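> Submitted below is the structure of interest, expressed as structure tokens.
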Amino acid sequence: MEQTAPWLILHRASKSPEHLRRALASAADYLELDVWLEDDRVVLRHDPLLRRGWPWLTRRHIVPVPRVHRFWLDQVRVPGRTFLDLKEARPELVERCLATLASIESIEGAMASTPIWELLDHLETLAPNIGRFYSIGRGESGELGWSAYIKRIGAGRAGAGTSIHYETASVGRLALLNEHGLRAICYTVNDFNQGVALVEQGAGGLTSDDFDLIARWRARWPRRD
């Protein structure tokens, strides 16, 4: 892949309406929006990480979770900057996201990522022009994910690239992805020098929680529009 300015993605941009307003004014290329389905409507929310294991329980409605912040995708227009993080293993989530983005004129240039890869395969059949980034974690999960993604590369089913944990993104792996014209977006990077090093090693994007870091990286790598 030809080296260009890395994509800068603001993590958890949909944490609250106030956070999203600040995100819209930021230097980020894309705003990550965590999307779920509630009553056939796409909701933006971030479940609080109360303790290890609780997200798994709350997503299956075994343990109730307080909804501190919640608002709806159809109330948000982020044309050209939408980066969906698909949170539920339900094909209808993909379908409702597409319908909602079309209704608010934000489907053009949208991207999507998730560790639930079958959702991205479903997205490919419905909207092949939307960039798909197959998430790869860290540790044992990351190793298994990387092995599975290598098979996808060989089969020509790798999408636009991968959203990969920075600990899994070795120099060799970043080089291989670049050789195949795939973009590696490293997450979650909250250190300036670490982000610079990852980009110099071949990362095509950085996901960060930090507004100030996004601004500093943008000053270092201006957009090449």
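If you're wondering about the labels, chains in the structure tokens are A, B, ... by order shown, residues count from 1 in each chain, ligands from 1 in order shown.
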Compile a residue-level contact table for stretch 159-220 of chain A against stretch 115-137 of chain A at a cut-off of 8 Å, reporting for every qualifying residue the shortest atom pair and its distance in Å to one decimal, with only C-alpha atoms counted, rows ordered by chain and ascending number, as a Markdown table.


```
| residue | atom | partner | partner_atom | distance |
| --- | --- | --- | --- | --- |
| A:Gly159 | CA | A:Arg132 | CA | 5.1 |
| A:Ala160 | CA | A:Arg132 | CA | 5.4 |
| A:Gly161 | CA | A:Phe133 | CA | 4.9 |
| A:Thr162 | CA | A:Phe133 | CA | 4.4 |
| A:Ser163 | CA | A:Ser135 | CA | 4.6 |
| A:Ile164 | CA | A:Ile136 | CA | 4.7 |
| A:His165 | CA | A:Gly137 | CA | 5.2 |
| A:Thr168 | CA | A:Gly137 | CA | 7.1 |
```

> As a VMD selection string, please: the residues near A:Pro6 (cut-off 10 Å, only C-alpha atoms, same-chain neighbours under 6 positions excluded).

chain A and resid 29 183 to 185 199 202 to 206 217 to 218 221 to 224

> Between A:Arg138, A:His46, A:Arg21, A:Leu8, which residue has the minimum interatomic distance to A:Ala219, considering only C-alpha atoms?

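Nearest candidate to A:Ala219 out of A:Arg138, A:His46, A:Arg21, A:Leu8: A:Leu8.
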
> Write out as a list in words which residues come within 10 Å of A:Val171 when counting only C-alpha atoms, dropping same-chain ones fewer than 2 positions away.

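Close residues of A:Val171: Thr168, Ala169, Arg173, Leu174, Ala175, Leu176, Leu198, Glu200, Gln201, Gly202 and Ala203 of chain A.
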
> Quote the spacing between atom CA of A:Arg12 and atom CA of A:Gly139 in Å to one decimal place.

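For atom CA of A:Arg12 relative to atom CA of A:Gly139, the distance reads 22.5 Å.
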